[in-house]
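**Student:** The file below is input.cif, mmCIF, C-alpha atoms:
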data_start
loop_
_atom_site.label_atom_id
_atom_site.label_comp_id
_atom_site.auth_asym_id
_atom_site.auth_seq_id
_atom_site.Cartn_x
_atom_site.Cartn_y
_atom_site.Cartn_z
CA MET A 1 10.87 30.35 -16.82
CA ASN A 2 8.81 30.51 -19.96
CA ARG A 3 5.74 28.32 -19.47
CA LEU A 4 6.06 26.64 -22.84
CA LEU A 5 9.74 25.99 -22.26
CA ALA A 6 8.87 24.40 -18.92
CA GLN A 7 6.29 22.24 -20.69
CA ARG A 8 8.81 21.11 -23.28
CA LEU A 9 11.35 20.33 -20.59
CA GLY A 10 8.78 18.43 -18.53
CA PHE A 11 7.57 16.35 -21.44
CA LEU A 12 11.18 15.71 -22.46
CA LEU A 13 11.97 14.39 -18.98
CA LEU A 14 8.90 12.15 -19.05
CA GLY A 15 9.95 10.84 -22.45
CA LEU A 16 13.48 10.17 -21.21
CA ALA A 17 12.14 8.29 -18.19
CA THR A 18 10.03 6.16 -20.51
CA LEU A 19 13.08 5.51 -22.65
CA VAL A 20 15.04 4.43 -19.57
CA VAL A 21 12.24 2.00 -18.74
CA VAL A 22 11.74 0.63 -22.23
CA THR A 23 15.35 0.29 -23.44
CA PRO A 24 16.39 -2.37 -20.89
CA ILE A 25 13.31 -4.40 -21.84
CA LEU A 26 14.49 -4.45 -25.45
CA VAL A 27 18.04 -5.24 -24.27
CA VAL A 28 16.83 -8.12 -22.09
CA VAL A 29 14.61 -9.64 -24.77
CA GLY A 30 17.27 -9.07 -27.44
CA SER A 31 19.99 -10.54 -25.24
CA ILE A 32 17.89 -13.64 -24.55
CA VAL A 33 17.16 -14.12 -28.25
CA VAL A 34 20.73 -13.45 -29.44
CA ARG A 35 22.38 -15.67 -26.83
CA GLY A 36 19.78 -18.41 -26.90
CA ILE A 37 18.78 -18.74 -30.53
CA GLY A 38 21.98 -20.57 -31.47
CA ALA A 39 21.25 -23.32 -28.98
CA VAL A 40 17.72 -23.95 -30.19
CA ASP A 41 17.50 -26.78 -32.71
CA TRP A 42 15.39 -29.93 -33.09
CA GLY A 43 17.78 -31.89 -30.89
CA PHE A 44 17.47 -29.29 -28.13
CA LEU A 45 13.70 -29.31 -28.40
CA MET B 1 -40.70 14.87 -15.83
CA LYS B 2 -39.46 11.94 -13.84
CA LYS B 3 -42.22 9.57 -12.71
CA PRO B 4 -42.28 8.40 -9.07
CA ASP B 5 -41.24 4.84 -8.29
CA ARG B 6 -44.06 2.34 -8.22
CA PRO B 7 -44.40 -1.24 -7.06
CA ALA B 8 -43.87 -4.05 -9.56
CA GLY B 9 -47.00 -4.93 -11.46
CA ALA B 10 -48.78 -1.61 -10.73
CA CYS B 11 -49.45 1.03 -13.33
CA PHE B 12 -50.63 4.61 -13.39
CA VAL B 13 -54.14 5.49 -14.55
CA SER B 14 -52.88 7.66 -17.31
CA ASP B 15 -50.58 5.11 -18.88
CA CYS B 16 -52.44 1.83 -18.31
CA ALA B 17 -53.90 0.10 -21.32
CA GLY B 18 -57.65 -0.20 -20.72
CA GLY B 19 -58.05 2.99 -18.71
CA PRO B 20 -58.91 3.49 -15.00
CA ALA B 21 -60.81 0.18 -14.67
CA ALA B 22 -57.86 -1.79 -15.86
CA ALA B 23 -55.62 0.23 -13.56
CA ARG B 24 -57.66 -0.92 -10.51
CA GLN B 25 -57.37 -4.60 -11.50
CA PRO B 26 -54.09 -6.28 -10.62
CA ARG B 27 -52.29 -7.53 -13.70
CA PRO B 28 -51.51 -11.23 -14.02
CA GLY B 29 -48.27 -12.00 -12.25
CA ALA B 30 -48.33 -8.67 -10.42
CA GLY B 31 -47.03 -10.24 -7.18
CA ARG B 32 -43.85 -11.44 -8.81
CA ARG B 33 -40.76 -9.34 -9.15
CA PRO B 34 -39.98 -9.11 -12.83
CA LEU B 35 -36.60 -10.55 -13.73
CA PRO B 36 -34.25 -8.85 -16.14
CA GLY B 37 -34.82 -9.86 -19.72
CA GLY B 38 -38.04 -11.65 -18.76
CA ALA B 39 -36.13 -14.67 -17.42
CA PRO B 40 -38.21 -17.54 -16.00
CA ARG B 41 -38.72 -17.76 -12.26
CA ARG B 42 -36.55 -20.84 -11.83
CA SER B 43 -33.55 -18.77 -12.87
CA ARG B 44 -33.81 -17.18 -9.42
CA TRP B 45 -32.50 -20.47 -8.08
CA THR B 46 -29.63 -20.32 -10.53
CA GLU B 47 -28.96 -16.77 -9.40
CA PHE B 48 -29.11 -17.82 -5.75
CA GLY B 49 -26.77 -20.74 -6.44
CA LEU B 50 -24.27 -18.56 -8.26
CA GLU B 51 -24.37 -15.93 -5.52
CA ALA B 52 -23.76 -18.60 -2.89
CA LEU B 53 -20.88 -20.03 -4.94
CA ILE B 54 -19.25 -16.62 -5.32
CA ARG B 55 -19.69 -16.00 -1.60
CA VAL B 56 -18.11 -19.35 -0.72
CA LEU B 57 -15.20 -18.73 -3.09
CA GLY B 58 -14.67 -15.24 -1.63
CA PHE B 59 -14.63 -16.49 1.94
CA SER B 60 -12.43 -19.45 1.00
CA THR B 61 -9.75 -17.00 -0.19
CA VAL B 62 -9.69 -15.44 3.27
CA GLY B 63 -9.75 -18.93 4.74
CA PHE B 64 -6.71 -20.01 2.73
CA VAL B 65 -4.74 -16.96 3.87
CA LEU B 66 -5.65 -17.70 7.49
CA LEU B 67 -4.64 -21.35 7.07
CA ILE B 68 -1.29 -20.32 5.57
CA PHE B 69 -0.70 -17.96 8.47
CA ALA B 70 -1.70 -20.66 10.98
CA PHE B 71 0.75 -23.10 9.36
CA LEU B 72 3.47 -20.43 9.40
CA LEU B 73 2.82 -19.79 13.10
CA ARG B 74 2.85 -23.50 13.95
CA GLU B 75 6.17 -24.07 12.22
CA GLY B 76 7.82 -20.76 13.08
CA LEU B 77 6.78 -20.05 16.68
CA PRO B 78 9.18 -22.59 18.29
CA VAL B 79 12.19 -20.50 17.28
CA PHE B 80 10.74 -17.45 19.04
CA LEU B 81 10.20 -19.54 22.17
CA GLN B 82 13.50 -21.46 22.18
CA VAL B 83 16.00 -18.83 21.03
CA PRO B 84 16.52 -15.71 23.21
CA TRP B 85 15.21 -12.64 21.39
CA GLY B 86 18.58 -10.91 21.82
CA THR B 87 20.17 -13.67 19.76
CA LEU B 88 17.25 -13.89 17.35
CA PHE B 89 17.61 -10.24 16.41
CA GLY B 90 21.39 -10.37 16.70
CA THR B 91 23.94 -9.51 14.06
CA ARG B 92 25.21 -13.00 13.15
CA TRP B 93 23.42 -15.64 11.08
CA TYR B 94 25.38 -18.89 11.48
CA PRO B 95 22.75 -21.64 11.53
CA THR B 96 25.38 -24.41 11.45
CA PHE B 97 26.55 -23.22 14.90
CA GLY B 98 23.03 -22.64 16.18
CA ILE B 99 23.29 -18.83 15.89
CA PHE B 100 20.16 -17.36 14.34
CA GLY B 101 20.66 -13.59 14.25
CA THR B 102 18.15 -12.30 11.70
CA LEU B 103 19.11 -8.59 11.76
CA PRO B 104 21.45 -8.79 8.71
CA LEU B 105 18.70 -10.52 6.73
CA ILE B 106 16.02 -8.01 7.77
CA LEU B 107 18.26 -5.04 6.98
CA GLY B 108 19.32 -6.67 3.70
CA SER B 109 15.70 -7.05 2.62
CA VAL B 110 14.76 -3.53 3.74
CA LEU B 111 17.80 -1.96 2.05
CA VAL B 112 17.33 -3.69 -1.29
CA THR B 113 13.57 -3.01 -1.29
CA LEU B 114 13.91 0.68 -0.39
CA VAL B 115 16.57 1.34 -3.01
CA ALA B 116 14.50 -0.56 -5.58
CA VAL B 117 11.45 1.59 -4.79
CA LEU B 118 13.54 4.77 -4.90
CA ILE B 119 14.62 3.82 -8.42
CA ALA B 120 11.29 2.44 -9.61
CA LEU B 121 8.90 5.08 -8.23
CA PRO B 122 10.03 8.15 -10.23
CA LEU B 123 10.58 6.07 -13.35
CA GLY B 124 7.26 4.27 -13.02
CA VAL B 125 5.18 7.37 -12.32
CA ALA B 126 6.90 9.36 -15.07
CA THR B 127 6.32 6.53 -17.55
CA ALA B 128 2.67 6.20 -16.52
CA VAL B 129 2.17 9.97 -16.94
CA PHE B 130 3.91 9.90 -20.31
CA VAL B 131 1.89 6.94 -21.58
CA ARG B 132 -1.45 8.33 -20.31
CA GLU B 133 -1.09 12.07 -20.84
CA VAL B 134 1.62 12.81 -23.38
CA ALA B 135 2.26 9.96 -25.79
CA PRO B 136 0.33 9.91 -29.08
CA HIS B 137 -2.06 7.03 -29.63
CA TRP B 138 0.31 4.99 -31.82
CA ALA B 139 3.14 5.28 -29.26
CA ARG B 140 0.80 4.22 -26.47
CA GLU B 141 -0.17 1.13 -28.46
CA ILE B 142 3.53 0.17 -28.65
CA LEU B 143 4.60 1.14 -25.13
CA LYS B 144 1.85 -0.59 -23.19
CA PRO B 145 2.43 -4.11 -24.58
CA LEU B 146 6.18 -3.59 -24.28
CA ILE B 147 5.86 -2.83 -20.57
CA GLU B 148 3.62 -5.85 -20.18
CA VAL B 149 6.38 -7.96 -21.74
CA LEU B 150 8.58 -7.02 -18.78
CA ALA B 151 5.96 -8.39 -16.39
CA GLY B 152 5.98 -11.66 -18.31
CA ILE B 153 9.73 -12.27 -18.12
CA PRO B 154 10.40 -14.97 -15.48
CA SER B 155 12.41 -13.77 -12.49
CA VAL B 156 15.06 -16.44 -13.07
CA VAL B 157 15.71 -14.97 -16.53
CA LEU B 158 16.04 -11.48 -15.07
CA GLY B 159 18.39 -12.90 -12.44
CA PHE B 160 20.42 -14.50 -15.20
CA ILE B 161 20.62 -11.19 -17.08
CA GLY B 162 21.56 -9.51 -13.80
CA MET B 163 24.43 -11.94 -13.26
CA THR B 164 25.80 -11.86 -16.79
CA VAL B 165 25.10 -8.28 -17.91
CA VAL B 166 24.36 -5.94 -14.98
CA ALA B 167 26.82 -7.31 -12.39
CA PRO B 168 29.93 -6.91 -14.62
CA LEU B 169 28.82 -3.35 -15.47
CA VAL B 170 28.35 -2.48 -11.78
CA GLN B 171 31.79 -3.91 -10.98
CA GLN B 172 33.47 -2.13 -13.88
CA TYR B 173 31.87 1.32 -13.74
CA LEU B 174 30.94 1.75 -10.08
CA GLY B 175 34.14 0.38 -8.62
CA ALA B 176 32.51 -2.37 -6.57
CA PRO B 177 34.75 -5.25 -5.44
CA THR B 178 32.20 -7.65 -6.89
CA GLY B 179 29.26 -7.15 -9.22
CA LEU B 180 26.92 -9.10 -6.98
CA THR B 181 25.86 -6.31 -4.65
CA ALA B 182 22.82 -4.78 -2.96
CA PHE B 183 22.70 -2.16 -5.70
CA THR B 184 22.60 -4.80 -8.47
CA GLY B 185 19.74 -6.53 -6.64
CA ALA B 186 17.90 -3.23 -6.19
CA LEU B 187 18.31 -2.42 -9.87
CA ILE B 188 16.87 -5.77 -10.96
CA LEU B 189 14.07 -5.52 -8.39
CA ALA B 190 13.23 -2.01 -9.55
CA TYR B 191 12.70 -3.26 -13.08
CA MET B 192 10.67 -6.19 -11.83
CA SER B 193 8.31 -3.89 -9.93
CA LEU B 194 8.02 -1.32 -12.73
CA PRO B 195 5.16 -3.02 -14.64
CA THR B 196 3.07 -3.13 -11.45
CA ILE B 197 3.75 0.53 -10.61
CA ILE B 198 3.17 1.72 -14.17
CA SER B 199 -0.08 -0.15 -14.77
CA VAL B 200 -1.67 0.77 -11.41
CA ALA B 201 -0.51 4.41 -11.65
CA GLU B 202 -1.83 4.62 -15.19
CA ASP B 203 -5.21 3.30 -14.06
CA ALA B 204 -5.24 5.94 -11.32
CA LEU B 205 -4.49 8.69 -13.85
CA ASP B 206 -7.14 7.29 -16.15
CA ALA B 207 -9.70 7.52 -13.34
CA VAL B 208 -9.19 11.29 -12.93
CA PRO B 209 -12.31 12.90 -14.43
CA ARG B 210 -11.84 14.65 -17.74
CA GLY B 211 -13.37 17.76 -16.19
CA TYR B 212 -10.23 18.27 -14.08
CA ARG B 213 -8.10 18.50 -17.20
CA ASP B 214 -10.60 20.70 -18.98
CA ALA B 215 -10.87 23.03 -15.97
CA GLY B 216 -7.08 23.34 -15.74
CA LEU B 217 -6.76 24.18 -19.42
CA ALA B 218 -9.70 26.56 -19.26
CA MET B 219 -7.97 28.47 -16.45
CA GLY B 220 -5.09 29.12 -18.81
CA ALA B 221 -2.70 26.47 -17.52
CA THR B 222 -0.48 24.67 -20.02
CA ARG B 223 -0.82 20.92 -20.57
CA TRP B 224 2.26 20.36 -18.42
CA GLN B 225 0.89 22.50 -15.56
CA THR B 226 -2.46 20.74 -15.76
CA THR B 227 -0.82 17.33 -15.74
CA TRP B 228 1.69 18.04 -12.98
CA ARG B 229 -0.41 20.23 -10.68
CA VAL B 230 -3.92 18.87 -11.22
CA VAL B 231 -4.00 15.36 -12.67
CA VAL B 232 -1.07 13.78 -10.80
CA PRO B 233 -2.14 15.16 -7.35
CA ALA B 234 -5.70 13.98 -8.02
CA ALA B 235 -4.40 10.48 -8.71
CA ARG B 236 -2.12 10.47 -5.67
CA SER B 237 -3.99 7.76 -3.75
CA GLY B 238 -3.69 5.41 -6.72
CA ILE B 239 -0.01 6.24 -7.05
CA VAL B 240 0.53 5.44 -3.35
CA ILE B 241 -1.22 2.11 -3.88
CA ALA B 242 0.96 1.48 -6.95
CA THR B 243 4.06 2.14 -4.87
CA MET B 244 2.91 -0.19 -2.13
CA LEU B 245 2.11 -2.95 -4.61
CA GLY B 246 5.53 -2.47 -6.20
CA MET B 247 7.13 -2.62 -2.79
CA GLY B 248 5.24 -5.81 -2.01
CA ARG B 249 6.46 -7.28 -5.28
CA ALA B 250 10.03 -6.26 -4.43
CA ILE B 251 10.16 -7.48 -0.84
CA GLY B 252 8.74 -10.89 -1.73
CA GLU B 253 10.98 -11.54 -4.72
CA THR B 254 13.33 -14.46 -4.25
CA MET B 255 15.00 -16.00 -7.27
CA ALA B 256 16.45 -12.97 -9.04
CA ILE B 257 17.59 -11.46 -5.76
CA MET B 258 19.28 -14.68 -4.71
CA MET B 259 21.23 -14.69 -7.98
CA VAL B 260 22.50 -11.10 -7.92
CA THR B 261 23.00 -9.93 -4.32
CA GLY B 262 25.96 -12.13 -3.39
CA ASN B 263 24.17 -13.72 -0.38
CA ALA B 264 26.58 -12.62 2.32
CA ALA B 265 24.72 -12.37 5.64
CA ARG B 266 26.44 -9.22 6.88
CA LEU B 267 25.16 -5.98 8.34
CA PRO B 268 24.85 -3.40 5.56
CA LEU B 269 25.90 -0.49 7.75
CA ASP B 270 29.50 0.28 6.77
CA VAL B 271 30.76 2.78 4.20
CA GLY B 272 29.82 1.83 0.65
CA PHE B 273 27.31 -0.72 1.94
CA LEU B 274 25.26 -0.39 -1.23
CA PHE B 275 28.08 -1.78 -3.33
CA LYS B 276 28.75 -4.83 -1.16
CA PRO B 277 26.96 -8.18 -1.05
CA VAL B 278 23.91 -8.61 1.18
CA ARG B 279 21.50 -11.41 1.92
CA THR B 280 17.73 -11.03 2.03
CA MET B 281 15.17 -12.97 4.05
CA THR B 282 13.58 -14.58 1.02
CA ALA B 283 16.93 -15.68 -0.41
CA THR B 284 17.86 -17.24 2.93
CA VAL B 285 14.68 -19.29 3.08
CA ALA B 286 15.04 -20.41 -0.55
CA ALA B 287 18.72 -21.28 -0.24
CA GLU B 288 18.54 -23.18 3.05
CA MET B 289 15.12 -24.82 3.11
CA GLY B 290 16.22 -27.63 0.80
CA GLU B 291 19.07 -28.72 3.05
CA VAL B 292 17.59 -28.31 6.51
CA ALA B 293 16.48 -31.23 8.71
CA ARG B 294 12.72 -31.14 9.15
CA GLY B 295 11.73 -30.28 12.72
CA SER B 296 15.17 -28.90 13.66
CA LEU B 297 15.67 -25.45 15.17
CA HIS B 298 17.11 -24.28 11.87
CA TYR B 299 13.91 -25.44 10.12
CA HIS B 300 11.80 -23.48 12.60
CA ALA B 301 14.11 -20.46 12.20
CA LEU B 302 13.43 -20.41 8.45
CA PHE B 303 9.70 -20.38 9.14
CA GLY B 304 10.37 -17.68 11.74
CA ILE B 305 11.89 -15.61 8.93
CA GLY B 306 8.65 -16.24 7.02
CA ILE B 307 6.68 -14.79 9.95
CA LEU B 308 8.94 -11.73 10.09
CA LEU B 309 8.47 -11.24 6.35
CA PHE B 310 4.71 -11.55 6.76
CA VAL B 311 4.71 -8.98 9.57
CA LEU B 312 6.94 -6.62 7.58
CA THR B 313 4.66 -6.78 4.55
CA PHE B 314 1.62 -6.29 6.78
CA LEU B 315 3.19 -3.20 8.39
CA ILE B 316 3.99 -1.71 4.97
CA ASN B 317 0.40 -2.26 3.80
CA LEU B 318 -0.93 -0.85 7.08
CA ALA B 319 1.22 2.27 6.73
CA ALA B 320 -0.03 2.76 3.16
CA ALA B 321 -3.66 2.27 4.19
CA ARG B 322 -3.23 4.79 7.04
CA ALA B 323 -1.60 7.32 4.75
CA ILE B 324 -4.43 7.03 2.23
CA PHE B 325 -7.09 7.19 4.95
CA ARG B 326 -5.58 10.33 6.53
CA ARG B 327 -5.37 12.13 3.22
CA ARG B 328 -8.94 11.11 2.36
CA ARG B 329 -10.15 12.54 5.67
CA LYS B 330 -8.42 15.80 4.92
CA GLY B 331 -10.05 15.77 1.51
CA GLY B 332 -6.69 15.71 -0.24
CA LEU B 333 -7.32 12.49 -2.12
CA ARG B 334 -10.08 11.08 -4.18
#
Just dump the structure as structure tokens.
**Tutor:**
Amino acid sequence: MNRLLAQRLGFLLLGLATLVVVTPILVVVGSIVVRGIGAVDWGFL
Amino acid sequence: MKKPDRPAGACFVSDCAGGPAAARQPRPGAGRRPLPGGAPRRSRWTEFGLEALIRVLGFSTVGFVLLIFAFLLREGLPVFLQVPWGTLFGTRWYPTFGIFGTLPLILGSVLVTLVAVLIALPLGVATAVFVREVAPHWAREILKPLIEVLAGIPSVVLGFIGMTVVAPLVQQYLGAPTGLTAFTGALILAYMSLPTIISVAEDALDAVPRGYRDAGLAMGATRWQTTWRVVVPAARSGIVIATMLGMGRAIGETMAIMMVTGNAARLPLDVGFLFKPVRTMTATVAAEMGEVARGSLHYHALFGIGILLFVLTFLINLAAARAIFRRRRKGGLR
């Protein structure tokens, strides 16, 4: 395989792995904020 | 040229103010060891005090661990003496009927931890390599704090997300009878151990001398070849340590795992075991300790589980230490 193609493929895989790690973090934090923000008011606090 | 070492207070003829005569005369305060920054002598006592304090604090850490283990032994040993070992490592955990078979709990813990590590290791190492070697500076500045956010999310929150988001997805798309399965637990545990694996692996990659990279590139290798065949192998000992720390994090986790694994104390050995509920050792202790009568056999059995967990963690750490030591002896690791 072309060395530069292999490099592109390798870096692409590393980037995808990072995306797989980072996306759920955003989902978790977003989910907490979206589901919880409605319940937060002065009475709740 | 480098000058030879000389005792404190002495000076060479050539560089002493006052010439050879002054060089023969001891300077005032020549007997004292000079202190950094010209600090007064009484600061030696401060230094001594601080050193002693640090030493005491260091030893007290070891002392606390030994005390915890002694307490664990005191409370847990009766179950090993009173219950036959065949029953103790049997396949049924029914504490209400006096049956304390811990095998389903041990296998549950081992299964969930191993699957979690299998998921987290490639993802963690790949992310660490990407962040350290590939990502541009601005992306690194975003990714690193984002990964640290994951470490800061309380396990109960992750368990909650696991119950409400991940479990329905597992049930719907993987055909599991219930979403609360070993796989769901492993998935949550994998994400919980990722920050540990990524940060330790990244430190290990960071510690690889720049010369290794330069040499690889100078030999005509591409950046990918240099990273994959030179930098990552050179950081292997750190990556092994990262894996072990992640595994330690996974095997000791309680709350999230209790919320998403279904807590059925059954042997995970049948077909499709990964997509059925299991119960781990930590979840058992957490779920039952609040209801147990103090001093009963059940109480001692829960501490016995604590001892088994301690031994299991110790064996994992020992295996990692041996692996690193062997490779170091062969010269394969830094």
**Student:** Written as a list of chain:residue names, which residues does the PyMOL selection byres ((chain A and resi 5-17) around 7) give for the file shown?
**Tutor:**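 Taken on the displayed file, the PyMOL selection byres ((chain A and resi 5-17) around 7) yields the residues A:Met1, A:Asn2, A:Arg3, A:Leu4, A:Thr18, A:Leu19, A:Val20, A:Val21, B:Leu123, B:Ala126, B:Thr127, B:Phe130, B:Trp224.
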**Student:** Within 8 Å of chain A, which residues of chain B are there when counting only C-alpha atoms? Please give them as a list in words.
**Tutor:** Leu123, Gly124, Ala126, Thr127, Val129, Phe130, Val134, Leu143, Leu146, Ile147, Val149, Leu150, Leu158, Ile161, Tyr191, Thr222, Arg223, Trp224 and Gln225 of chain B
**Student:** Figure out the distance between CA of Ile251 in chain B and CA of Gly101 in chain B, please, to one decimal in Å.
**Tutor:**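 Between CA of Gly101 in chain B and CA of Ile251 in chain B the gap is 19.4 Å.
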**Student:** Could you work out how far CA of Phe100 in chain B lies from CA of Ala176 in chain B, giving the answer in Å with one decimal?
**Tutor:**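 Pair CA of Ala176 in chain B / CA of Phe100 in chain B returns 28.5 Å.
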**Student:** Write out as a ChimeraX atom specification the residues lying within 10 Å of Ala235 in chain B, counting all atoms listed in the file and excluding same-chain residues fewer than 4 positions away.
**Tutor:** /B:201-208,230-231,239-240,333-334
**Student:** With distances taken over all atoms listed in the file, which residue among B:Phe325, B:Phe275, B:Phe160, B:Phe310 lies nearest Ile106 in chain B?
**Tutor:**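 Of B:Phe325, B:Phe275, B:Phe160, B:Phe310, the one nearest Ile106 in chain B, counting all atoms listed in the file, is B:Phe310.
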**Student:** With all atoms listed in the file as the basis for distance, which of B:Val83, B:Ala190, B:Leu53, B:Val117 is at the shortest distance from Gly304 in chain B?
**Tutor:**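 Answer, going by the shortest atom-to-atom distance: B:Val83.
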**Student:** In Å to one decimal, how far is CA of Thr284 in chain B from CA of Phe303 in chain B?
**Tutor:**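 That distance, rounded to one decimal, is 10.7 Å.
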**Student:** Once the PyMOL selection byres ((chain B and resi 109) around 9) has been evaluated on this model, what residues remain selected, and can you format them as number ranges by chain?
**Tutor:** B: 104-108, 110-114, 251, 278-282
**Student:** Select, from B:Ala221, B:Ala116, B:Ala139, B:Leu121, the residue with the minimum atom-to-atom distance to Ile188 in chain B, counting only C-alpha atoms.
**Tutor:**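 For Ile188 in chain B, the nearest of the candidates is B:Ala116.
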**Student:** Exactly which residues make up the result of the PyMOL selection byres ((chain B and resi 267) around 7) on this file, given as a list of chain:residue names?
**Tutor:**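 With the shown file as input, the PyMOL selection byres ((chain B and resi 267) around 7) matches B:Thr91, B:Pro104, B:Ala265, B:Arg266, B:Pro268, B:Leu269.
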**Student:** Those same residues, written as a PDB file, in the coordinates of the input with C-alpha atoms?
**Tutor:**
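The result, stored in result34.pdb:
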ATOM      1  CA  THR B  91      23.940  -9.510  14.060  1.00  0.00           C
ATOM      2  CA  PRO B 104      21.450  -8.790   8.710  1.00  0.00           C
ATOM      3  CA  ALA B 265      24.720 -12.370   5.640  1.00  0.00           C
ATOM      4  CA  ARG B 266      26.440  -9.220   6.880  1.00  0.00           C
ATOM      5  CA  PRO B 268      24.850  -3.400   5.560  1.00  0.00           C
ATOM      6  CA  LEU B 269      25.900  -0.490   7.750  1.00  0.00           C
TER       7      LEU B 269
END
**Student:** Using all atoms listed in the file, which of the listed residues (B:Leu297, B:Met219, B:Ile198, B:Val170) sits closest to Ala186 in chain B?
**Tutor:**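 Smallest distance to Ala186 in chain B is found for B:Val170.
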**Student:** Could you name the residues that touch Val79 in chain B at 9 Å or less, counting only C-alpha atoms, but leaving out those on the same chain fewer than 5 positions away, as a PyMOL selection string?
**Tutor:** chain B and resi 84+88+297-304
**Student:** Since fewer atoms than expected are present, regenerate N, CA and C atoms for range 10-26 of chain A and write them as a PDB file, in the coordinates of the input.
**Tutor:**
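Below is the file selection.pdb, written as the result:
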ATOM      1  N   GLY A  10       9.503  19.453 -19.285  1.00  0.00           N
ATOM      2  CA  GLY A  10       8.780  18.430 -18.530  1.00  0.00           C
ATOM      3  C   GLY A  10       8.462  17.221 -19.371  1.00  0.00           C
ATOM      4  N   PHE A  11       7.925  17.470 -20.556  1.00  0.00           N
ATOM      5  CA  PHE A  11       7.570  16.350 -21.440  1.00  0.00           C
ATOM      6  C   PHE A  11       8.817  15.602 -21.891  1.00  0.00           C
ATOM      7  N   LEU A  12       9.921  16.349 -22.068  1.00  0.00           N
ATOM      8  CA  LEU A  12      11.180  15.710 -22.460  1.00  0.00           C
ATOM      9  C   LEU A  12      11.664  14.762 -21.351  1.00  0.00           C
ATOM     10  N   LEU A  13      11.555  15.229 -20.114  1.00  0.00           N
ATOM     11  CA  LEU A  13      11.970  14.390 -18.980  1.00  0.00           C
ATOM     12  C   LEU A  13      11.103  13.137 -18.889  1.00  0.00           C
ATOM     13  N   LEU A  14       9.799  13.313 -19.086  1.00  0.00           N
ATOM     14  CA  LEU A  14       8.900  12.150 -19.050  1.00  0.00           C
ATOM     15  C   LEU A  14       9.260  11.163 -20.151  1.00  0.00           C
ATOM     16  N   GLY A  15       9.564  11.698 -21.332  1.00  0.00           N
ATOM     17  CA  GLY A  15       9.950  10.840 -22.450  1.00  0.00           C
ATOM     18  C   GLY A  15      11.249  10.103 -22.168  1.00  0.00           C
ATOM     19  N   LEU A  16      12.205  10.818 -21.544  1.00  0.00           N
ATOM     20  CA  LEU A  16      13.480  10.170 -21.210  1.00  0.00           C
ATOM     21  C   LEU A  16      13.285   9.051 -20.190  1.00  0.00           C
ATOM     22  N   ALA A  17      12.417   9.322 -19.195  1.00  0.00           N
ATOM     23  CA  ALA A  17      12.140   8.290 -18.190  1.00  0.00           C
ATOM     24  C   ALA A  17      11.532   7.057 -18.851  1.00  0.00           C
ATOM     25  N   THR A  18      10.645   7.293 -19.799  1.00  0.00           N
ATOM     26  CA  THR A  18      10.030   6.160 -20.510  1.00  0.00           C
ATOM     27  C   THR A  18      11.084   5.392 -21.306  1.00  0.00           C
ATOM     28  N   LEU A  19      12.004   6.145 -21.888  1.00  0.00           N
ATOM     29  CA  LEU A  19      13.080   5.510 -22.650  1.00  0.00           C
ATOM     30  C   LEU A  19      13.962   4.645 -21.737  1.00  0.00           C
ATOM     31  N   VAL A  20      14.235   5.178 -20.543  1.00  0.00           N
ATOM     32  CA  VAL A  20      15.040   4.430 -19.570  1.00  0.00           C
ATOM     33  C   VAL A  20      14.329   3.150 -19.144  1.00  0.00           C
ATOM     34  N   VAL A  21      13.011   3.198 -19.115  1.00  0.00           N
ATOM     35  CA  VAL A  21      12.240   2.000 -18.740  1.00  0.00           C
ATOM     36  C   VAL A  21      12.204   1.002 -19.902  1.00  0.00           C
ATOM     37  N   VAL A  22      12.001   1.513 -21.087  1.00  0.00           N
ATOM     38  CA  VAL A  22      11.740   0.630 -22.230  1.00  0.00           C
ATOM     39  C   VAL A  22      13.035   0.021 -22.801  1.00  0.00           C
ATOM     40  N   THR A  23      14.112   0.789 -22.824  1.00  0.00           N
ATOM     41  CA  THR A  23      15.350   0.290 -23.440  1.00  0.00           C
ATOM     42  C   THR A  23      15.845  -1.019 -22.807  1.00  0.00           C
ATOM     43  N   PRO A  24      15.936  -1.101 -21.467  1.00  0.00           N
ATOM     44  CA  PRO A  24      16.390  -2.370 -20.890  1.00  0.00           C
ATOM     45  C   PRO A  24      15.493  -3.563 -21.254  1.00  0.00           C
ATOM     46  N   ILE A  25      14.201  -3.292 -21.455  1.00  0.00           N
ATOM     47  CA  ILE A  25      13.310  -4.400 -21.840  1.00  0.00           C
ATOM     48  C   ILE A  25      13.764  -4.948 -23.193  1.00  0.00           C
ATOM     49  N   LEU A  26      14.031  -4.018 -24.114  1.00  0.00           N
ATOM     50  CA  LEU A  26      14.490  -4.450 -25.450  1.00  0.00           C
ATOM     51  C   LEU A  26      15.842  -5.150 -25.337  1.00  0.00           C
TER      52      LEU A  26
END
